[in-house]
$ cat target13.cif   # mmCIF, C-alpha atoms and all ligand atoms
data_query
loop_
_atom_site.group_PDB
_atom_site.id
_atom_site.type_symbol
_atom_site.label_atom_id
_atom_site.label_comp_id
_atom_site.auth_asym_id
_atom_site.auth_seq_id
_atom_site.Cartn_x
_atom_site.Cartn_y
_atom_site.Cartn_z
ATOM 1 C CA MET K 1 86.686 -182.359 79.943
ATOM 2 C CA THR K 2 84.612 -179.270 80.565
ATOM 3 C CA TYR K 3 81.654 -179.154 82.930
ATOM 4 C CA ASP K 4 78.350 -179.861 81.147
ATOM 5 C CA THR K 5 75.762 -177.452 82.560
ATOM 6 C CA ASN K 6 72.987 -179.738 81.300
ATOM 7 C CA ASN K 7 73.930 -182.725 83.461
ATOM 8 C CA ILE K 8 71.019 -184.031 85.514
ATOM 9 C CA PHE K 9 72.303 -182.757 88.885
ATOM 10 C CA ALA K 10 72.820 -179.261 87.466
ATOM 11 C CA LYS K 11 69.178 -179.425 86.336
ATOM 12 C CA ILE K 12 68.126 -180.488 89.839
ATOM 13 C CA LEU K 13 70.076 -177.544 91.308
ATOM 14 C CA ARG K 14 68.329 -175.140 88.911
ATOM 15 C CA GLY K 15 64.938 -176.638 89.830
ATOM 16 C CA GLU K 16 64.353 -177.835 86.273
ATOM 17 C CA ILE K 17 63.751 -181.424 87.367
ATOM 18 C CA PRO K 18 62.541 -182.624 90.763
ATOM 19 C CA ALA K 19 64.518 -184.369 93.485
ATOM 20 C CA ILE K 20 63.462 -185.688 96.887
ATOM 21 C CA SER K 21 65.613 -183.524 99.069
ATOM 22 C CA VAL K 22 66.675 -184.504 102.602
ATOM 23 C CA TYR K 23 69.014 -181.614 103.501
ATOM 24 C CA GLU K 24 70.098 -178.336 101.936
ATOM 25 C CA ASP K 25 72.340 -175.440 102.905
ATOM 26 C CA ASP K 26 74.035 -172.585 101.044
ATOM 27 C CA ALA K 27 76.753 -174.806 99.583
ATOM 28 C CA THR K 28 75.240 -178.295 99.249
ATOM 29 C CA LEU K 29 72.136 -180.349 98.502
ATOM 30 C CA ALA K 30 71.404 -183.923 99.619
ATOM 31 C CA PHE K 31 68.637 -185.988 98.028
ATOM 32 C CA MET K 32 67.409 -189.550 97.542
ATOM 33 C CA ASP K 33 69.095 -191.645 94.846
ATOM 34 C CA VAL K 34 66.279 -192.829 92.556
ATOM 35 C CA MET K 35 68.071 -196.127 91.820
ATOM 36 C CA PRO K 36 69.257 -197.132 95.291
ATOM 37 C CA GLN K 37 71.933 -199.793 95.671
ATOM 38 C CA SER K 38 70.650 -200.381 99.194
ATOM 39 C CA PRO K 39 67.537 -198.937 100.894
ATOM 40 C CA VAL K 40 67.908 -195.233 101.842
ATOM 41 C CA HIS K 41 70.742 -194.477 99.419
ATOM 42 C CA THR K 42 71.293 -190.702 99.282
ATOM 43 C CA LEU K 43 73.582 -188.378 97.329
ATOM 44 C CA VAL K 44 75.345 -185.163 98.364
ATOM 45 C CA ILE K 45 76.364 -182.571 95.791
ATOM 46 C CA PRO K 46 78.063 -179.181 95.967
ATOM 47 C CA LYS K 47 76.054 -176.310 94.512
ATOM 48 C CA SER K 48 79.147 -175.054 92.745
ATOM 49 C CA PRO K 49 80.000 -176.741 89.432
ATOM 50 C CA ALA K 50 82.683 -179.449 89.381
ATOM 51 C CA GLU K 51 82.676 -182.503 87.191
ATOM 52 C CA ASN K 52 84.759 -184.675 89.472
ATOM 53 C CA LEU K 53 87.334 -184.807 92.263
ATOM 54 C CA PHE K 54 90.011 -183.237 90.075
ATOM 55 C CA GLU K 55 87.918 -180.095 89.523
ATOM 56 C CA LEU K 56 86.498 -179.865 93.016
ATOM 57 C CA ASP K 57 87.225 -176.727 95.005
ATOM 58 C CA LEU K 58 88.490 -177.889 98.405
ATOM 59 C CA GLU K 59 86.192 -175.559 100.308
ATOM 60 C CA ALA K 60 83.228 -177.086 98.415
ATOM 61 C CA GLY K 61 84.657 -180.529 99.218
ATOM 62 C CA LYS K 62 84.719 -179.656 102.902
ATOM 63 C CA GLN K 63 81.081 -178.550 102.760
ATOM 64 C CA VAL K 64 80.108 -181.768 100.942
ATOM 65 C CA LEU K 65 81.816 -183.887 103.587
ATOM 66 C CA ARG K 66 80.139 -181.882 106.326
ATOM 67 C CA THR K 67 76.726 -182.498 104.728
ATOM 68 C CA ALA K 68 77.566 -186.185 104.214
ATOM 69 C CA GLN K 69 78.259 -186.435 107.944
ATOM 70 C CA ILE K 70 74.982 -184.670 108.812
ATOM 71 C CA VAL K 71 72.949 -186.907 106.499
ATOM 72 C CA ALA K 72 74.761 -190.112 107.534
ATOM 73 C CA ARG K 73 74.049 -189.319 111.199
ATOM 74 C CA ALA K 74 70.345 -188.801 110.452
ATOM 75 C CA VAL K 75 70.176 -191.963 108.311
ATOM 76 C CA GLN K 76 71.905 -193.941 111.053
ATOM 77 C CA ASP K 77 69.562 -192.574 113.693
ATOM 78 C CA ALA K 78 66.441 -193.328 111.645
ATOM 79 C CA PHE K 79 67.393 -196.643 110.017
ATOM 80 C CA LYS K 80 70.002 -198.243 112.307
ATOM 81 C CA ALA K 81 72.231 -199.529 109.513
ATOM 82 C CA ASP K 82 75.030 -201.951 110.374
ATOM 83 C CA GLY K 83 77.407 -199.699 108.465
ATOM 84 C CA ILE K 84 77.409 -196.663 106.178
ATOM 85 C CA MET K 85 79.443 -196.643 102.979
ATOM 86 C CA LEU K 86 80.527 -193.489 101.130
ATOM 87 C CA ASN K 87 81.259 -193.885 97.417
ATOM 88 C CA GLN K 88 82.563 -191.354 94.932
ATOM 89 C CA PHE K 89 83.337 -192.178 91.281
ATOM 90 C CA ASN K 90 85.517 -190.240 88.836
ATOM 91 C CA GLY K 91 85.172 -191.026 85.133
ATOM 92 C CA PRO K 92 83.094 -193.630 83.295
ATOM 93 C CA ALA K 93 85.698 -196.346 83.869
ATOM 94 C CA ALA K 94 85.243 -195.843 87.606
ATOM 95 C CA GLY K 95 81.445 -196.007 87.311
ATOM 96 C CA GLN K 96 80.605 -192.277 87.116
ATOM 97 C CA THR K 97 77.390 -191.719 85.159
ATOM 98 C CA VAL K 98 76.472 -188.156 86.211
ATOM 99 C CA PHE K 99 79.180 -185.594 85.625
ATOM 100 C CA HIS K 100 78.629 -183.290 88.591
ATOM 101 C CA PHE K 101 80.723 -184.266 91.635
ATOM 102 C CA HIS K 102 78.739 -186.280 94.185
ATOM 103 C CA VAL K 103 79.178 -188.534 97.172
ATOM 104 C CA HIS K 104 76.959 -191.582 97.630
ATOM 105 C CA ILE K 105 75.822 -192.417 101.165
ATOM 106 C CA VAL K 106 74.847 -196.089 101.186
ATOM 107 C CA PRO K 107 73.586 -197.839 104.324
ATOM 108 C CA ARG K 108 74.838 -201.418 104.580
ATOM 109 C CA TYR K 109 73.447 -204.413 106.431
ATOM 110 C CA GLU K 110 75.282 -207.597 107.439
ATOM 111 C CA ASN K 111 75.062 -210.233 104.694
ATOM 112 C CA VAL K 112 72.916 -208.057 102.397
ATOM 113 C CA PRO K 113 74.602 -207.601 99.006
ATOM 114 C CA LEU K 114 74.502 -204.316 97.147
ATOM 115 C CA ARG K 115 72.055 -203.964 94.261
ATOM 116 C CA ARG K 116 73.413 -203.117 90.835
ATOM 117 C CA HIS K 117 74.714 -199.550 90.335
ATOM 118 C CA THR K 118 72.055 -197.533 88.425
ATOM 119 C CA GLY K 119 69.791 -200.590 88.426
ATOM 120 C CA ASP K 120 66.062 -200.520 89.250
ATOM 121 C CA MET K 121 64.104 -197.335 89.965
ATOM 122 C CA GLU K 122 62.589 -197.180 93.472
ATOM 123 C CA ASN K 123 58.911 -196.280 93.978
ATOM 124 C CA PRO K 124 58.832 -192.480 94.617
ATOM 125 C CA ASP K 125 56.369 -192.967 97.514
ATOM 126 C CA VAL K 126 58.919 -195.216 99.236
ATOM 127 C CA LEU K 127 61.678 -192.631 98.655
ATOM 128 C CA GLU K 128 59.485 -189.837 100.023
ATOM 129 C CA GLU K 129 58.672 -191.872 103.139
ATOM 130 C CA GLN K 130 62.373 -192.589 103.744
ATOM 131 C CA ALA K 131 63.279 -188.936 103.125
ATOM 132 C CA GLU K 132 60.725 -187.798 105.686
ATOM 133 C CA LYS K 133 62.292 -190.078 108.302
ATOM 134 C CA ILE K 134 65.758 -188.664 107.531
ATOM 135 C CA ARG K 135 64.471 -185.065 107.798
ATOM 136 C CA ALA K 136 62.731 -185.862 111.100
ATOM 137 C CA ALA K 137 65.858 -187.519 112.501
ATOM 138 C CA HIS K 138 67.975 -184.525 111.474
ATOM 139 C CA ALA K 139 65.523 -182.110 113.091
ATOM 140 C CA LYS K 140 65.820 -183.856 116.470
ATOM 141 C CA LEU K 141 69.610 -184.489 116.434
HETATM 142 P P1 LIG K 201 77.411 -192.078 89.532
HETATM 143 O O1 LIG K 201 77.158 -193.296 88.701
HETATM 144 O O2 LIG K 201 78.377 -192.218 90.635
HETATM 145 O O3 LIG K 201 77.675 -190.907 88.631
HETATM 146 O O4 LIG K 201 76.056 -191.816 90.306
HETATM 147 C C1 LIG K 201 74.941 -191.230 89.774
HETATM 148 C C2 LIG K 201 73.819 -191.642 90.676
HETATM 149 O O5 LIG K 201 72.748 -190.771 90.428
HETATM 150 C C3 LIG K 201 73.311 -193.068 90.447
HETATM 151 O O6 LIG K 201 73.370 -193.774 91.672
HETATM 152 C C4 LIG K 201 71.888 -192.861 89.962
HETATM 153 O O7 LIG K 201 71.030 -193.842 90.476
HETATM 154 C C5 LIG K 201 71.546 -191.490 90.497
HETATM 155 N N1 LIG K 201 70.596 -190.705 89.741
HETATM 156 C C6 LIG K 201 70.536 -190.552 88.405
HETATM 157 N N2 LIG K 201 69.548 -189.685 88.080
HETATM 158 C C7 LIG K 201 68.996 -189.268 89.249
HETATM 159 C C8 LIG K 201 67.939 -188.375 89.592
HETATM 160 N N3 LIG K 201 67.238 -187.724 88.654
HETATM 161 N N4 LIG K 201 67.646 -188.198 90.899
HETATM 162 C C9 LIG K 201 68.334 -188.859 91.849
HETATM 163 N N5 LIG K 201 69.327 -189.717 91.600
HETATM 164 C C10 LIG K 201 69.666 -189.924 90.316
#
$ encode --input "target13.cif" --output "structure tokens" --more "lines below"
Ligand code: AMP
Amino acid sequence: MTYDTNNIFAKILRGEIPAISVYEDDATLAFMDVMPQSPVHTLVIPKSPAENLFELDLEAGKQVLRTAQIVARAVQDAFKADGIMLNQFNGPAAGQTVFHFHVHIVPRYENVPLRRHTGDMENPDVLEEQAEKIRAAHAKL
């Protein structure tokens, strides 16, 4: 498959649709997932185009993992999760619905099941409030 420049994350990167960002650097962007599987579910994407793991430039992959670590630390500091899960799906059969490489950062709590993947939309005010706490935690770490 060839990279579709009109996928929703490419549009976010071009500023054509909004996202609630929590961290950004030259190579990556992290933002709130609008259909969280657990509270404070975020996504990290490379700025360079890659549909999936097979297309991913390893330097971009390194930058994504670095950002995932930064965001996970801030989420952990602000929300005290029992655990943090990283997910990454390749291909529709594996659950991929947006065809720009991304890593999910999903806080987990003892005995709290995950919500459905791409299930209910979260209230944007709630997402903004959570994002602000992540940004504040990152600023002090
Ligand atoms: P995947 O199914 O692994 O491709 O993940 C795509 C993720 O993107 C899902 O968890 C969706 O909830 C999330 N998502 C879809 N559209 C948006 C959007 N506009 N802003 C933020 N997250 C989104």
$ closest_residue --input "target13.cif" --among "K:Tyr3, K:Tyr109, K:Phe99, K:Tyr23" --to "ligand LIG 201 (chain K)" --atoms "only C-alpha atoms and all ligand atoms"
K:Phe99
$ closest_residue --input "target13.cif" --among "K:Ser21, K:Asn90, K:Thr5, K:Gln96" --to "ligand LIG 201 (chain K)" --atoms "all atoms listed in the file"
K:Gln96
$ closest_residue --input "target13.cif" --among "K:His41, K:Lys133, K:Lys80, K:Lys47" --to "ligand LIG 201 (chain K)" --atoms "all atoms listed in the file"
K:His41
$ residues_near_ligand --input "target13.cif" --ligand "ligand LIG 201 (chain K)" --cutoff "9 Å" --atoms "all atoms listed in the file" --output "PyMOL selection string"
chain K and resi 8-9+11-12+17-20+31-37+41-43+87-92+94-104+117-121
$ resolve_selection --input "target13.cif" --expression "the PyMOL selection byres (((chain K and resi 60) around 9) and not hetatm)" --output "PyMOL selection string"
chain K and resi 27-28+46-48+56-59+61-65
$ resolve_selection --input "target13.cif" --expression "the PyMOL selection byres (((chain K and resi 138) around 9) and not hetatm)" --output "number ranges by chain"
K: 22-23, 70-71, 73-75, 77-78, 133-137, 139-141
$ closest_residue --input "target13.cif" --among "K:Pro49, K:Pro124, K:Pro107, K:Pro113" --to "Thr2 in chain K" --atoms "only C-alpha atoms"
K:Pro49
$ resolve_selection --input "target13.cif" --expression "the PyMOL selection byres (((chain K and resi 83) around 12) and not hetatm)" --output "list in words"
Ser38, Ala72, Arg73, Val75, Gln76, Asp77, Phe79, Lys80, Ala81, Asp82, Ile84, Met85, Leu86, Ile105, Val106, Pro107, Arg108, Tyr109, Glu110, Asn111 and Val112 of chain K
$ atom_distance --input "target13.cif" --atom1 "CA of Glu128 in chain K" --atom2 "CA of Arg14 in chain K"
20.4 Å
$ atom_distance --input "target13.cif" --atom1 "CA of Ala30 in chain K" --atom2 "CA of Ile45 in chain K"
6.4 Å
$ closest_residue --input "target13.cif" --among "K:Ala10, K:Val44, K:Val126, K:Ala131" --to "Gln69 in chain K" --atoms "all atoms listed in the file"
K:Val44
$ atom_distance --input "target13.cif" --atom1 "CA of Leu114 in chain K" --atom2 "CA of Leu127 in chain K"
17.4 Å
$ closest_residue --input "target13.cif" --among "K:Ala93, K:Val40, K:Leu13, K:Leu53" --to "Asp26 in chain K" --atoms "all atoms listed in the file"
K:Leu13
$ build_atoms --input "target13.cif" --residues "range 70-100 of chain K" --atoms "N, CA and C atoms" --output "PDB file, in the coordinates of the input"
ATOM      1  N   ILE K  70      76.313-185.013 108.276  1.00  0.00           N
ATOM      2  CA  ILE K  70      74.982-184.670 108.812  1.00  0.00           C
ATOM      3  C   ILE K  70      73.946-185.696 108.345  1.00  0.00           C
ATOM      4  N   VAL K  71      73.951-185.983 107.052  1.00  0.00           N
ATOM      5  CA  VAL K  71      72.949-186.907 106.499  1.00  0.00           C
ATOM      6  C   VAL K  71      73.193-188.329 107.017  1.00  0.00           C
ATOM      7  N   ALA K  72      74.462-188.752 107.056  1.00  0.00           N
ATOM      8  CA  ALA K  72      74.761-190.112 107.534  1.00  0.00           C
ATOM      9  C   ALA K  72      74.313-190.275 108.987  1.00  0.00           C
ATOM     10  N   ARG K  73      74.497-189.245 109.790  1.00  0.00           N
ATOM     11  CA  ARG K  73      74.049-189.319 111.199  1.00  0.00           C
ATOM     12  C   ARG K  73      72.532-189.490 111.264  1.00  0.00           C
ATOM     13  N   ALA K  74      71.818-188.722 110.445  1.00  0.00           N
ATOM     14  CA  ALA K  74      70.345-188.801 110.452  1.00  0.00           C
ATOM     15  C   ALA K  74      69.884-190.164 109.928  1.00  0.00           C
ATOM     16  N   VAL K  75      70.526-190.645 108.869  1.00  0.00           N
ATOM     17  CA  VAL K  75      70.176-191.963 108.311  1.00  0.00           C
ATOM     18  C   VAL K  75      70.422-193.042 109.364  1.00  0.00           C
ATOM     19  N   GLN K  76      71.547-192.950 110.038  1.00  0.00           N
ATOM     20  CA  GLN K  76      71.905-193.941 111.053  1.00  0.00           C
ATOM     21  C   GLN K  76      70.910-193.918 112.199  1.00  0.00           C
ATOM     22  N   ASP K  77      70.524-192.712 112.598  1.00  0.00           N
ATOM     23  CA  ASP K  77      69.562-192.574 113.693  1.00  0.00           C
ATOM     24  C   ASP K  77      68.206-193.171 113.300  1.00  0.00           C
ATOM     25  N   ALA K  78      67.780-192.919 112.073  1.00  0.00           N
ATOM     26  CA  ALA K  78      66.441-193.328 111.645  1.00  0.00           C
ATOM     27  C   ALA K  78      66.379-194.786 111.207  1.00  0.00           C
ATOM     28  N   PHE K  79      67.474-195.314 110.646  1.00  0.00           N
ATOM     29  CA  PHE K  79      67.393-196.643 110.017  1.00  0.00           C
ATOM     30  C   PHE K  79      68.310-197.691 110.632  1.00  0.00           C
ATOM     31  N   LYS K  80      69.150-197.288 111.570  1.00  0.00           N
ATOM     32  CA  LYS K  80      70.002-198.243 112.307  1.00  0.00           C
ATOM     33  C   LYS K  80      70.731-199.226 111.376  1.00  0.00           C
ATOM     34  N   ALA K  81      71.448-198.678 110.413  1.00  0.00           N
ATOM     35  CA  ALA K  81      72.231-199.529 109.513  1.00  0.00           C
ATOM     36  C   ALA K  81      73.362-200.199 110.291  1.00  0.00           C
ATOM     37  N   ASP K  82      73.861-201.306 109.753  1.00  0.00           N
ATOM     38  CA  ASP K  82      75.030-201.951 110.374  1.00  0.00           C
ATOM     39  C   ASP K  82      76.301-201.182 110.030  1.00  0.00           C
ATOM     40  N   GLY K  83      76.271-200.515 108.895  1.00  0.00           N
ATOM     41  CA  GLY K  83      77.407-199.699 108.465  1.00  0.00           C
ATOM     42  C   GLY K  83      76.940-198.703 107.422  1.00  0.00           C
ATOM     43  N   ILE K  84      77.740-197.668 107.203  1.00  0.00           N
ATOM     44  CA  ILE K  84      77.409-196.663 106.178  1.00  0.00           C
ATOM     45  C   ILE K  84      78.621-196.548 105.257  1.00  0.00           C
ATOM     46  N   MET K  85      78.363-196.699 103.972  1.00  0.00           N
ATOM     47  CA  MET K  85      79.443-196.643 102.979  1.00  0.00           C
ATOM     48  C   MET K  85      79.347-195.321 102.210  1.00  0.00           C
ATOM     49  N   LEU K  86      80.475-194.661 102.021  1.00  0.00           N
ATOM     50  CA  LEU K  86      80.527-193.489 101.130  1.00  0.00           C
ATOM     51  C   LEU K  86      81.242-193.903  99.850  1.00  0.00           C
ATOM     52  N   ASN K  87      80.641-193.600  98.716  1.00  0.00           N
ATOM     53  CA  ASN K  87      81.259-193.885  97.417  1.00  0.00           C
ATOM     54  C   ASN K  87      81.381-192.599  96.624  1.00  0.00           C
ATOM     55  N   GLN K  88      82.413-192.533  95.802  1.00  0.00           N
ATOM     56  CA  GLN K  88      82.563-191.354  94.932  1.00  0.00           C
ATOM     57  C   GLN K  88      83.349-191.794  93.706  1.00  0.00           C
ATOM     58  N   PHE K  89      82.757-191.651  92.514  1.00  0.00           N
ATOM     59  CA  PHE K  89      83.337-192.178  91.281  1.00  0.00           C
ATOM     60  C   PHE K  89      83.811-191.046  90.376  1.00  0.00           C
ATOM     61  N   ASN K  90      84.954-191.243  89.752  1.00  0.00           N
ATOM     62  CA  ASN K  90      85.517-190.240  88.836  1.00  0.00           C
ATOM     63  C   ASN K  90      85.792-190.882  87.484  1.00  0.00           C
ATOM     64  N   GLY K  91      84.986-190.499  86.485  1.00  0.00           N
ATOM     65  CA  GLY K  91      85.172-191.026  85.133  1.00  0.00           C
ATOM     66  C   GLY K  91      84.360-192.283  84.891  1.00  0.00           C
ATOM     67  N   PRO K  92      83.927-192.481  83.651  1.00  0.00           N
ATOM     68  CA  PRO K  92      83.094-193.630  83.295  1.00  0.00           C
ATOM     69  C   PRO K  92      83.739-194.967  83.683  1.00  0.00           C
ATOM     70  N   ALA K  93      85.046-195.076  83.556  1.00  0.00           N
ATOM     71  CA  ALA K  93      85.698-196.346  83.869  1.00  0.00           C
ATOM     72  C   ALA K  93      85.582-196.677  85.352  1.00  0.00           C
ATOM     73  N   ALA K  94      85.396-195.636  86.165  1.00  0.00           N
ATOM     74  CA  ALA K  94      85.243-195.843  87.606  1.00  0.00           C
ATOM     75  C   ALA K  94      83.772-195.969  88.002  1.00  0.00           C
ATOM     76  N   GLY K  95      82.870-195.858  87.027  1.00  0.00           N
ATOM     77  CA  GLY K  95      81.445-196.007  87.311  1.00  0.00           C
ATOM     78  C   GLY K  95      80.666-194.701  87.352  1.00  0.00           C
ATOM     79  N   GLN K  96      81.326-193.563  87.075  1.00  0.00           N
ATOM     80  CA  GLN K  96      80.605-192.277  87.116  1.00  0.00           C
ATOM     81  C   GLN K  96      79.649-192.181  85.926  1.00  0.00           C
ATOM     82  N   THR K  97      78.395-191.861  86.229  1.00  0.00           N
ATOM     83  CA  THR K  97      77.390-191.719  85.159  1.00  0.00           C
ATOM     84  C   THR K  97      76.803-190.310  85.112  1.00  0.00           C
ATOM     85  N   VAL K  98      76.944-189.544  86.197  1.00  0.00           N
ATOM     86  CA  VAL K  98      76.472-188.156  86.211  1.00  0.00           C
ATOM     87  C   VAL K  98      77.692-187.274  86.488  1.00  0.00           C
ATOM     88  N   PHE K  99      77.903-186.311  85.607  1.00  0.00           N
ATOM     89  CA  PHE K  99      79.180-185.594  85.625  1.00  0.00           C
ATOM     90  C   PHE K  99      79.104-184.255  86.361  1.00  0.00           C
ATOM     91  N   HIS K 100      78.562-184.351  87.578  1.00  0.00           N
ATOM     92  CA  HIS K 100      78.629-183.290  88.591  1.00  0.00           C
ATOM     93  C   HIS K 100      79.061-184.014  89.861  1.00  0.00           C
TER      94      HIS K 100
END
